[in-house]
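Data file: coords17.txt. Format and content: compact mmCIF, C-alpha atoms.
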# COMPACT_ATOMS: atom_id res chain seq x y z
CA MET A 1 -6.93 -16.32 33.64
CA LYS A 2 -6.58 -17.23 30.00
CA LYS A 3 -9.66 -15.22 29.21
CA LEU A 4 -8.13 -12.20 30.89
CA ALA A 5 -4.96 -12.75 28.92
CA ALA A 6 -6.95 -12.92 25.72
CA ILE A 7 -8.72 -9.68 26.55
CA LEU A 8 -5.42 -7.98 27.28
CA CYS A 9 -4.02 -9.34 24.04
CA LEU A 10 -6.95 -8.10 21.99
CA SER A 11 -6.86 -4.73 23.75
CA ALA A 12 -3.25 -4.38 22.74
CA LEU A 13 -4.27 -5.04 19.16
CA THR A 14 -6.46 -1.98 19.13
CA THR A 15 -4.09 0.48 20.80
CA GLY A 16 -2.39 1.09 17.49
CA ALA A 17 -5.49 2.93 16.35
CA PHE A 18 -4.49 5.91 18.48
CA ALA A 19 -1.05 6.29 16.91
CA GLN A 20 -0.22 8.65 14.05
CA GLY A 21 -1.26 7.38 10.67
CA LEU A 22 1.34 6.22 8.16
CA VAL A 23 1.39 7.24 4.51
CA ASN A 24 3.60 6.81 1.46
CA PHE A 25 4.20 10.20 -0.14
CA ILE A 26 5.31 9.39 -3.68
CA ASN A 27 3.38 9.83 -6.89
CA SER A 28 3.09 7.52 -9.85
CA ALA A 29 3.71 7.79 -13.56
CA THR A 30 0.00 8.42 -14.05
CA SER A 31 -0.20 11.27 -11.55
CA LEU A 32 2.62 13.51 -12.71
CA SER A 33 2.64 17.17 -11.75
CA SER A 34 2.79 19.74 -14.52
CA ALA A 35 4.27 23.23 -14.33
CA THR A 36 1.81 24.51 -16.86
CA ILE A 37 -1.87 25.11 -17.17
CA ALA A 38 -4.29 22.27 -17.75
CA GLY A 39 -4.00 20.78 -21.20
CA ASN A 40 -0.25 21.08 -21.45
CA THR A 41 1.86 18.07 -20.70
CA ALA A 42 5.19 19.57 -19.65
CA ALA A 43 5.92 18.17 -16.21
CA THR A 44 7.71 19.71 -13.27
CA SER A 45 11.36 18.97 -13.72
CA GLY A 46 14.79 20.29 -12.93
CA ALA A 47 17.30 19.72 -10.19
CA VAL A 48 16.03 18.04 -7.06
CA GLY A 49 14.72 20.82 -4.84
CA SER A 50 13.37 22.91 -7.71
CA TRP A 51 9.87 22.07 -6.60
CA TYR A 52 8.28 21.52 -3.25
CA TYR A 53 5.16 19.63 -2.30
CA GLY A 54 3.02 19.72 0.80
CA LEU A 55 0.36 17.37 2.17
CA LEU A 56 -2.86 19.07 3.23
CA ILE A 57 -5.53 17.23 5.21
CA ALA A 58 -9.12 17.82 6.25
CA ALA A 59 -12.12 15.97 7.64
CA PRO A 60 -13.57 13.37 5.26
CA GLY A 61 -15.88 14.91 2.74
CA THR A 62 -14.25 18.35 2.69
CA THR A 63 -14.50 19.78 -0.81
CA SER A 64 -13.22 23.35 -0.51
CA PRO A 65 -9.45 23.44 -1.17
CA SER A 66 -9.03 26.39 1.16
CA ALA A 67 -10.55 24.40 4.05
CA PHE A 68 -7.57 22.05 4.18
CA THR A 69 -4.77 22.35 6.73
CA PHE A 70 -1.11 21.89 5.94
CA SER A 71 0.06 18.75 7.75
CA GLY A 72 3.72 19.75 7.95
CA VAL A 73 4.72 16.93 5.59
CA TYR A 74 6.86 18.06 2.67
CA ALA A 75 8.22 16.44 -0.47
CA THR A 76 10.56 17.51 -3.24
CA ASN A 77 10.79 16.67 -6.90
CA LEU A 78 12.78 13.69 -8.15
CA ALA A 79 15.09 13.66 -11.15
CA ALA A 80 12.32 11.96 -13.12
CA ALA A 81 10.09 14.72 -14.49
CA GLY A 82 6.76 15.09 -12.78
CA ARG A 83 7.68 12.85 -9.89
CA LEU A 84 7.83 13.68 -6.21
CA PHE A 85 9.08 11.88 -3.14
CA GLY A 86 8.40 12.78 0.45
CA GLY A 87 9.21 9.35 1.79
CA ASN A 88 7.53 6.11 2.68
CA ASN A 89 6.01 5.16 6.03
CA ILE A 90 5.67 8.78 7.14
CA ALA A 91 3.74 9.60 10.31
CA VAL A 92 1.26 12.43 9.73
CA THR A 93 0.37 14.70 12.62
CA GLY A 94 -3.39 15.14 12.85
CA TRP A 95 -4.14 11.93 10.95
CA ALA A 96 -4.70 9.05 13.38
CA ALA A 97 -3.71 5.51 12.44
CA GLY A 98 -6.57 3.72 10.73
CA ALA A 99 -8.57 6.94 10.39
CA SER A 100 -10.14 8.21 7.21
CA MET A 101 -9.23 11.72 6.04
CA SER A 102 -9.57 13.79 2.91
CA TYR A 103 -6.34 15.16 1.54
CA GLU A 104 -4.80 17.10 -1.32
CA VAL A 105 -1.24 17.81 -2.38
CA ALA A 106 0.11 21.28 -3.09
CA VAL A 107 3.00 21.86 -5.49
CA TRP A 108 4.99 25.06 -5.82
CA SER A 109 8.21 26.26 -7.38
CA SER A 110 11.14 26.94 -5.08
CA SER A 111 10.98 30.63 -6.11
CA LEU A 112 8.00 30.95 -3.77
CA GLY A 113 10.13 29.76 -0.87
CA HIS A 114 10.37 26.49 0.97
CA THR A 115 7.81 27.12 3.66
CA PHE A 116 4.16 26.57 2.83
CA GLN A 117 2.01 29.66 3.23
CA ASN A 118 -1.69 29.40 4.02
CA SER A 119 -2.29 32.59 2.02
CA TRP A 120 -1.48 30.65 -1.14
CA LEU A 121 -4.77 28.78 -0.77
CA THR A 122 -6.64 32.06 -1.20
CA GLY A 123 -4.54 33.26 -4.13
CA THR A 124 -2.12 35.60 -2.38
CA PHE A 125 1.53 35.20 -3.33
CA GLY A 126 4.50 37.32 -2.25
CA ALA A 127 6.64 36.39 -5.23
CA SER A 128 6.29 35.06 -8.74
CA GLY A 129 6.43 31.35 -9.45
CA ASN A 130 4.14 28.37 -9.92
CA PHE A 131 1.56 26.91 -7.60
CA GLY A 132 -1.07 24.22 -7.93
CA LEU A 133 -3.19 21.70 -6.09
CA SER A 134 -4.01 18.09 -6.79
CA SER A 135 -7.49 16.69 -6.87
CA ILE A 136 -9.00 15.83 -3.49
CA ALA A 137 -8.95 12.20 -2.38
CA THR A 138 -10.05 10.35 0.74
CA GLY A 139 -8.27 7.40 2.31
CA THR A 140 -7.50 5.45 5.48
CA SER A 141 -4.02 5.79 6.92
CA GLY A 142 -1.87 2.82 7.84
CA GLY A 143 -0.23 2.03 11.15
CA ALA A 144 -3.30 0.62 12.90
CA GLY A 145 -3.31 -2.70 14.70
CA THR A 146 -0.65 -5.22 15.60
CA PRO A 147 1.12 -5.89 13.34
CA ALA A 148 0.74 -2.36 12.01
CA SER A 149 -1.24 -2.10 8.82
CA PRO A 150 0.83 -0.97 5.82
CA ALA A 151 1.26 2.72 5.08
CA TYR A 152 -1.46 4.28 2.98
CA ASN A 153 -0.48 5.25 -0.56
CA LEU A 154 -1.50 8.84 -1.23
CA PHE A 155 -1.40 8.15 -4.97
CA GLY A 156 -2.82 5.21 -6.93
CA GLY A 157 -4.81 2.24 -5.75
CA ALA A 158 -8.50 2.27 -5.06
CA THR A 159 -8.68 5.58 -3.19
CA GLY A 160 -5.47 7.53 -3.85
CA ILE A 161 -5.01 10.46 -6.21
CA GLN A 162 -5.27 9.05 -9.73
CA SER A 163 -4.80 12.00 -12.05
CA GLY A 164 -1.97 14.42 -12.65
CA PHE A 165 -2.04 17.95 -11.30
CA ASN A 166 -1.01 21.35 -12.53
CA ALA A 167 1.03 24.27 -11.24
CA PRO A 168 0.21 27.38 -13.31
CA ALA A 169 2.18 30.61 -13.01
CA VAL A 170 1.21 32.81 -10.09
CA GLY A 171 2.33 36.10 -8.48
CA GLY A 172 4.63 38.15 -10.69
CA GLY A 173 5.34 41.07 -8.37
CA VAL A 174 3.71 44.57 -8.41
CA VAL A 175 3.36 46.07 -11.91
CA PRO A 176 2.49 49.84 -11.87
CA GLU A 177 -0.72 50.64 -13.68
CA PRO A 178 -0.57 53.16 -16.62
CA THR A 179 -2.39 55.83 -14.60
CA SER A 180 0.14 55.47 -11.80
CA MET A 181 2.98 55.86 -14.27
CA ALA A 182 1.36 59.01 -15.66
CA LEU A 183 1.02 60.56 -12.22
CA LEU A 184 4.63 59.70 -11.48
CA GLY A 185 5.69 61.43 -14.70
CA LEU A 186 3.69 64.54 -13.86
CA GLY A 187 5.25 64.65 -10.43
CA ALA A 188 8.77 64.44 -11.88
CA ALA A 189 8.03 67.16 -14.43
CA GLY A 190 6.64 69.40 -11.70
CA LEU A 191 9.75 68.90 -9.63
CA LEU A 192 11.97 69.91 -12.57
CA ILE A 193 9.92 73.08 -13.22
CA PHE A 194 10.05 73.97 -9.56
CA ARG A 195 13.87 73.61 -9.48
CA ARG A 196 14.36 75.75 -12.64
CA ARG A 197 12.17 78.55 -11.26
CA LYS A 198 14.09 78.45 -8.04
CA MET B 199 -10.48 -10.00 -0.52
CA ARG B 200 -12.74 -10.56 -3.51
CA THR B 201 -11.15 -13.52 -5.16
CA LYS B 202 -12.13 -15.58 -8.13
CA ALA B 203 -9.80 -18.50 -8.42
CA LEU B 204 -9.53 -20.43 -11.62
CA LEU B 205 -7.51 -23.50 -10.96
CA SER B 206 -6.73 -26.35 -13.20
CA VAL B 207 -4.73 -28.08 -10.53
CA ALA B 208 -7.47 -30.33 -9.25
CA ALA B 209 -8.39 -31.59 -12.68
CA ILE B 210 -4.76 -32.06 -13.60
CA ALA B 211 -4.09 -33.86 -10.35
CA ALA B 212 -7.02 -36.18 -10.79
CA SER B 213 -6.12 -37.05 -14.34
CA ALA B 214 -2.46 -37.41 -13.51
CA ILE B 215 -3.09 -39.70 -10.58
CA THR B 216 -5.41 -41.79 -12.75
CA ALA B 217 -2.79 -41.96 -15.45
CA MET B 218 -0.19 -42.94 -12.88
CA ALA B 219 -2.38 -45.79 -11.70
CA GLN B 220 -2.76 -47.07 -15.26
CA SER B 221 0.89 -46.95 -16.14
CA SER B 222 4.26 -47.34 -14.49
CA VAL B 223 4.86 -43.77 -13.45
CA TYR B 224 6.92 -43.50 -10.33
CA SER B 225 7.20 -39.76 -10.04
CA LEU B 226 4.76 -37.05 -10.79
CA ASN B 227 4.89 -33.28 -10.94
CA ILE B 228 1.53 -31.57 -10.92
CA VAL B 229 1.79 -28.31 -12.84
CA GLY B 230 -1.04 -25.89 -12.96
CA TYR B 231 -1.97 -22.29 -12.78
CA ALA B 232 -4.14 -20.14 -10.58
CA THR B 233 -5.59 -16.81 -11.59
CA VAL B 234 -6.53 -14.58 -8.70
CA THR B 235 -8.48 -11.36 -9.03
CA VAL B 236 -6.78 -8.66 -6.97
CA PRO B 237 -8.70 -5.48 -6.15
CA ALA B 238 -7.17 -2.02 -6.33
CA GLY B 239 -5.11 -1.17 -3.27
CA TYR B 240 -3.68 -3.63 -0.79
CA SER B 241 -4.36 -7.37 -0.58
CA ILE B 242 -2.59 -10.14 1.29
CA LEU B 243 -1.63 -12.83 -1.18
CA ALA B 244 0.35 -16.04 -0.99
CA ASN B 245 1.78 -17.98 -3.88
CA PRO B 246 -0.21 -21.22 -4.11
CA LEU B 247 2.19 -22.87 -6.55
CA SER B 248 5.92 -23.45 -6.71
CA ALA B 249 7.80 -22.43 -9.80
CA GLY B 250 11.01 -24.00 -8.57
CA ALA B 251 14.18 -22.00 -8.73
CA THR B 252 12.73 -18.90 -10.34
CA ASN B 253 12.10 -15.86 -8.25
CA GLY B 254 8.73 -15.81 -6.58
CA ALA B 255 7.79 -12.24 -7.46
CA ASN B 256 8.11 -13.11 -11.11
CA GLU B 257 5.79 -16.06 -10.61
CA ILE B 258 2.94 -13.61 -10.18
CA GLY B 259 3.04 -13.29 -13.95
CA LEU B 260 2.35 -9.58 -13.91
CA THR B 261 4.40 -6.55 -13.03
CA LEU B 262 2.53 -3.29 -12.76
CA THR B 263 4.23 0.08 -12.70
CA GLY B 264 3.72 1.29 -9.17
CA GLU B 265 3.01 -2.11 -7.65
CA GLN B 266 4.38 -2.85 -4.18
CA ILE B 267 5.25 -6.08 -2.42
CA LEU B 268 5.59 -6.06 1.37
CA THR B 269 6.95 -9.13 3.08
CA TRP B 270 7.13 -9.53 6.84
CA ASN B 271 10.35 -9.63 8.78
CA THR B 272 9.48 -11.69 11.85
CA ALA B 273 12.72 -10.85 13.64
CA SER B 274 12.26 -7.07 13.43
CA SER B 275 8.42 -7.08 13.23
CA THR B 276 8.55 -4.75 10.25
CA PHE B 277 7.71 -4.93 6.58
CA ASN B 278 10.33 -5.34 3.88
CA TYR B 279 9.20 -3.04 1.10
CA VAL B 280 9.90 -3.19 -2.62
CA SER B 281 8.06 -1.52 -5.46
CA TYR B 282 8.34 -1.76 -9.21
CA ASP B 283 8.50 1.44 -11.24
CA PRO B 284 10.76 1.52 -14.31
CA THR B 285 9.72 5.12 -15.02
CA LEU B 286 11.88 6.24 -12.10
CA GLY B 287 14.96 5.26 -14.08
CA ILE B 288 16.53 3.49 -11.10
CA GLY B 289 18.21 0.12 -11.70
CA THR B 290 15.90 -2.53 -13.06
CA GLY B 291 12.85 -0.69 -11.78
CA TRP B 292 12.68 -2.51 -8.43
CA VAL B 293 13.38 -0.11 -5.57
CA ASP B 294 13.22 -0.29 -1.79
CA ALA B 295 11.38 2.12 0.50
CA ASN B 296 14.15 4.71 0.10
CA LEU B 297 14.25 4.41 -3.70
CA ASN B 298 17.51 2.48 -3.67
CA PRO B 299 17.85 -0.22 -6.36
CA SER B 300 16.48 -3.48 -5.08
CA SER B 301 15.29 -6.84 -6.31
CA PRO B 302 11.94 -8.62 -6.04
CA PRO B 303 11.56 -10.90 -3.03
CA SER B 304 11.36 -14.64 -3.13
CA LEU B 305 7.78 -15.74 -2.65
CA PRO B 306 7.66 -19.53 -2.38
CA PRO B 307 4.43 -21.29 -1.38
CA GLY B 308 3.67 -20.67 2.27
CA VAL B 309 4.94 -17.07 2.30
CA GLY B 310 2.29 -14.40 2.54
CA PHE B 311 2.80 -10.86 1.34
CA PHE B 312 0.98 -7.58 0.88
CA PHE B 313 0.48 -6.73 -2.79
CA PHE B 314 -0.45 -3.17 -3.72
CA ASN B 315 -2.38 -2.89 -6.96
CA PRO B 316 -1.68 0.70 -8.08
CA GLY B 317 -4.54 0.80 -10.56
CA ALA B 318 -7.99 2.17 -9.87
CA THR B 319 -9.63 -1.17 -10.70
CA ALA B 320 -9.11 -4.85 -10.00
CA THR B 321 -6.63 -6.87 -12.02
CA ASN B 322 -5.73 -10.52 -12.40
CA VAL B 323 -2.50 -12.11 -11.29
CA THR B 324 -1.67 -15.60 -12.45
CA PHE B 325 0.48 -18.02 -10.51
CA VAL B 326 2.12 -20.85 -12.42
CA GLY B 327 3.95 -23.83 -11.02
CA GLN B 328 3.71 -27.11 -9.20
CA VAL B 329 1.48 -28.09 -6.34
CA VAL B 330 3.15 -28.41 -2.96
CA PRO B 331 2.98 -31.03 -1.57
CA GLY B 332 3.24 -33.55 -4.37
CA PRO B 333 1.12 -36.70 -4.52
CA SER B 334 1.46 -39.15 -1.65
CA SER B 335 3.63 -36.77 0.31
CA THR B 336 3.47 -34.34 3.19
CA ASN B 337 4.68 -30.76 3.22
CA ASN B 338 5.73 -29.30 6.55
CA LEU B 339 5.76 -25.51 6.83
CA THR B 340 7.60 -24.15 9.84
CA VAL B 341 5.94 -21.13 11.43
CA ALA B 342 8.01 -19.11 13.87
CA ALA B 343 6.74 -17.95 17.25
CA GLY B 344 4.92 -14.62 17.12
CA TYR B 345 3.56 -13.04 13.96
CA SER B 346 4.22 -14.45 10.50
CA MET B 347 2.73 -13.67 7.13
CA ILE B 348 1.79 -16.97 5.59
CA GLY B 349 -0.54 -18.72 3.20
CA SER B 350 -1.52 -22.27 2.49
CA PRO B 351 1.13 -24.03 0.38
CA LEU B 352 -1.61 -26.35 -0.84
CA PRO B 353 -4.06 -24.53 -3.12
CA ALA B 354 -7.60 -25.02 -1.95
CA ASN B 355 -10.78 -23.12 -1.17
CA VAL B 356 -12.24 -24.01 2.20
CA THR B 357 -14.78 -22.44 4.51
CA ASN B 358 -12.84 -23.53 7.60
CA ILE B 359 -9.12 -22.89 7.55
CA SER B 360 -8.44 -25.76 9.92
CA SER B 361 -10.36 -28.30 7.88
CA ALA B 362 -8.67 -30.63 5.40
CA PRO B 363 -6.91 -30.24 3.10
CA VAL B 364 -5.69 -26.79 4.29
CA SER B 365 -5.55 -28.11 7.87
CA LEU B 366 -4.13 -25.15 9.77
CA PRO B 367 -3.37 -26.62 13.22
CA LEU B 368 -5.48 -25.28 16.07
CA LEU B 369 -3.46 -23.78 18.92
CA ASN B 370 -5.06 -22.04 21.85
CA GLY B 371 -4.20 -18.34 21.60
CA MET B 372 -3.48 -18.36 17.88
CA LEU B 373 -4.61 -15.43 15.74
CA VAL B 374 -5.56 -15.28 12.08
CA LEU B 375 -5.58 -11.76 10.64
CA THR B 376 -7.05 -11.37 7.18
CA TRP B 377 -7.11 -8.04 5.36
CA ASP B 378 -10.27 -6.07 4.68
CA ASN B 379 -9.40 -4.36 1.39
CA VAL B 380 -12.48 -2.15 1.41
CA ASN B 381 -12.02 -0.73 4.90
CA SER B 382 -8.21 -1.00 5.02
CA LYS B 383 -8.05 -2.90 8.28
CA TYR B 384 -7.33 -6.32 9.68
CA VAL B 385 -10.11 -8.74 10.49
CA TYR B 386 -9.19 -10.56 13.69
CA ALA B 387 -10.02 -14.15 14.45
CA GLN B 388 -8.59 -15.72 17.58
CA TYR B 389 -8.85 -19.35 18.56
CA ASP B 390 -8.91 -20.41 22.19
CA ALA B 391 -11.01 -23.41 23.16
CA THR B 392 -10.42 -22.68 26.85
CA LEU B 393 -12.49 -19.49 26.62
CA GLY B 394 -15.64 -21.57 26.44
CA ILE B 395 -17.09 -19.31 23.78
CA GLY B 396 -18.78 -20.94 20.80
CA ASN B 397 -16.46 -23.23 18.88
CA GLY B 398 -13.38 -21.45 20.23
CA TRP B 399 -13.13 -18.82 17.49
CA VAL B 400 -13.74 -15.24 18.68
CA ASP B 401 -13.40 -11.80 17.15
CA ALA B 402 -11.56 -8.81 18.64
CA ASN B 403 -14.46 -8.23 21.02
CA LEU B 404 -14.58 -11.86 22.15
CA ASN B 405 -17.77 -12.52 20.25
CA ALA B 406 -18.19 -16.04 18.91
CA ILE B 407 -17.50 -16.28 15.18
CA SER B 408 -17.16 -19.00 12.59
CA ALA B 409 -13.74 -20.29 11.75
CA PRO B 410 -12.13 -18.13 9.05
CA GLY B 411 -12.23 -19.46 5.53
CA TYR B 412 -9.50 -19.53 2.95
CA SER B 413 -9.25 -18.91 -0.79
CA ILE B 414 -6.59 -19.93 -3.27
CA GLY B 415 -3.86 -17.31 -3.38
CA GLN B 416 -4.97 -15.65 -0.17
CA GLY B 417 -2.47 -14.88 2.58
CA PHE B 418 -2.91 -13.77 6.16
CA PHE B 419 -1.07 -12.87 9.32
CA TYR B 420 -0.73 -15.72 11.77
CA PHE B 421 0.20 -15.41 15.44
CA ASN B 422 1.87 -18.48 16.84
CA PRO B 423 1.32 -18.26 20.61
CA GLN B 424 3.94 -20.89 21.40
CA SER B 425 7.44 -20.06 22.55
CA GLY B 426 8.86 -22.10 19.71
CA ASN B 427 8.07 -22.97 16.12
CA ALA B 428 4.78 -24.47 15.02
CA THR B 429 4.44 -26.85 12.08
CA TRP B 430 1.74 -26.69 9.44
CA SER B 431 1.52 -30.08 7.77
CA GLN B 432 -0.43 -30.79 4.60
CA SER B 433 -0.71 -34.02 2.70
CA LEU B 434 -2.04 -35.29 -0.58
CA PRO B 435 -3.22 -38.90 -0.95
Could you quickly redo this structure as structure tokens?
Amino acid sequence: MKKLAAILCLSALTTGAFAQGLVNFINSATSLSSATIAGNTAATSGAVGSWYYGLLIAAPGTTSPSAFTFSGVYATNLAAAGRLFGGNNIAVTGWAAGASMSYEVAVWSSSLGHTFQNSWLTGTFGASGNFGLSSIATGTSGGAGTPASPAYNLFGGATGIQSGFNAPAVGGGVVPEPTSMALLGLGAAGLLIFRRRK
Amino acid sequence: MRTKALLSVAAIAASAITAMAQSSVYSLNIVGYATVTVPAGYSILANPLSAGATNGANEIGLTLTGEQILTWNTASSTFNYVSYDPTLGIGTGWVDANLNPSSPPSLPPGVGFFFFNPGATATNVTFVGQVVPGPSSTNNLTVAAGYSMIGSPLPANVTNISSAPVSLPLLNGMLVLTWDNVNSKYVYAQYDATLGIGNGWVDANLNAISAPGYSIGQGFFYFNPQSGNATWSQSLP
């Protein structure tokens, strides 16, 4: 009877492995995000909500940034420049408790809109702003076992993102090419001539 | 946990007890230090020395920007979370899980806690204080029913956690959960002599295992299977 109880007890210990994984989505002073190209040190700053961040996940070992899937987990910038906060102990859909996944963090300016767009990963932007991706890291989520293991830190530690990341300018709207402008001018001139003759 | 403990306590204790025998010393405080190597990421630690009235988190002797300390709330079965990051510009730098100003927890000997080393490499933390229990005395640590995060109040390295001087009492159904820093998971060890398996210690798959060991400064989760408190008694001659 006691053996059965022990088995049941130990089985219960492992059920946590099927729950959603837990992460801490906050960066450190050594992994600031920058609004400029690599080499510049100006960090994302401004009022809270000026910048958005998204957590992207993929199978362990994935190296192509465009092969990652947006997890639905967002963060915004803090008052401290370069810092972000999406919360602690967050459950991530698609990342099982105690499972290893590769991940990256996207950063974009609020001018691009709040909602993450998959097209951004292939360089297509509907508006002008800033967009960037962190380096790719691989880690094991928390939440497994009883008691639940602590939430995995996406930044810092042995496996989290260590370096800062950049958000260079992107988009910029549609700028007419010189040849297009010339054709437009010819068309307008033709219209004027046509009206005068009439 | 990869731990290298440098402890002067034993030498100090031996010399102090010798000195006490040679002179008329009626009270003795053994003060020492313990340096524990903490790998990057999470480790379960426990303060092996008592610094008296000072706050336990400060006894670690090191505050890293981005470090986290998670203590266990037995009543709610959740972690109490604090982290230290003065670059956030919030209060003294200690914040809770929601970035509200907070304060470091008290970490007296016997209390285990998760420590998150935010660096990419291992670092040393040094505990300073007095040995608990003192000479010729017994320290009784009360362990509540259910899960607790604890560590040995008496600093010692042993290969069997229930052997002297650590002497964790053996209770049928008890669990000892140590933390595997490399694989980010608990390592389960359950004791139940009534199972008739090996020496009573089994892993999560009921395979016979050796009794878990214990290093200075190491903490672990303990499951007290009783309906009431258990007592962990340790004595020094």
Please identify all residues of chain B having at least one atom at most 8 Å from any atom of chain A, considering only C-alpha atoms, and return them as a VMD selection string. chain B and resid 237 to 240 263 to 264 275 277 285 to 287 295 to 296 314 to 319 345 371 381 to 384 392 to 393 402 to 404
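Across the structure, CA of Asn298 (chain B) and CA of Asn278 (chain B) are spaced 13.0 Å apart.
Taking CA of Ala249 (chain B) as the reference point, CA of Leu268 (chain B) is found at 19.9 Å.
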Point-to-point distance from CA of Asn130 (chain A) to CA of Ala58 (chain A), Å rounded to tenths: 23.4 Å
Nearby residues (all atoms listed in the file) at most 10 Å from Gly113 (chain A), same-chain spacing under 6 positions excluded, as JSON, numbers by chain: {"A": [51, 52, 126, 127, 129]}
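Distance annotation: of B:Ser350, B:Val236, B:Ser301, B:Leu262, the residue with the minimal separation from Gly411 (chain B) is B:Ser350; atom set is all atoms listed in the file.
Proximity of A:Ala106, A:Leu112, A:Val92, A:Met101 to Ala59 (chain A), computed with all atoms listed in the file, is greatest for A:Met101.
By only C-alpha atoms, and with residues fewer than 6 positions from Ile395 (chain B) along its chain excluded, the set lying at most 10 Å from it is B:Tyr389, B:Leu404, B:Asn405, B:Ala406, B:Ile407.
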Got a sec: who's within 7 Å of Leu247 (chain B), counting all atoms listed in the file, leaving out chain neighbours fewer than 2 positions off, as an MDAnalysis selection string? chainID B and resid 245 249 307 325:330
What residues have an atom no more than 6 Å from (2.7, -6.0, -4.4) in the file's own frame, counting all atoms listed in the file, and can you write them as a PDB file with C-alpha atoms, in the frame of the given file?
ATOM      1  CA  GLU B 265       3.010  -2.110  -7.650  1.00  0.00           C
ATOM      2  CA  GLN B 266       4.380  -2.850  -4.180  1.00  0.00           C
ATOM      3  CA  ILE B 267       5.250  -6.080  -2.420  1.00  0.00           C
ATOM      4  CA  PHE B 312       0.980  -7.580   0.880  1.00  0.00           C
ATOM      5  CA  PHE B 313       0.480  -6.730  -2.790  1.00  0.00           C
ATOM      6  CA  PHE B 314      -0.450  -3.170  -3.720  1.00  0.00           C
TER       7      PHE B 314
END
What would the list of residues within 10 Å of (11.0, -24.7, 19.2) (file frame) look like as a list in words, if all atoms listed in the file are what count? Thr340, Val341, Ala342, Ala343, Gln424, Ser425, Gly426, Asn427, Ala428 and Thr429 of chain B
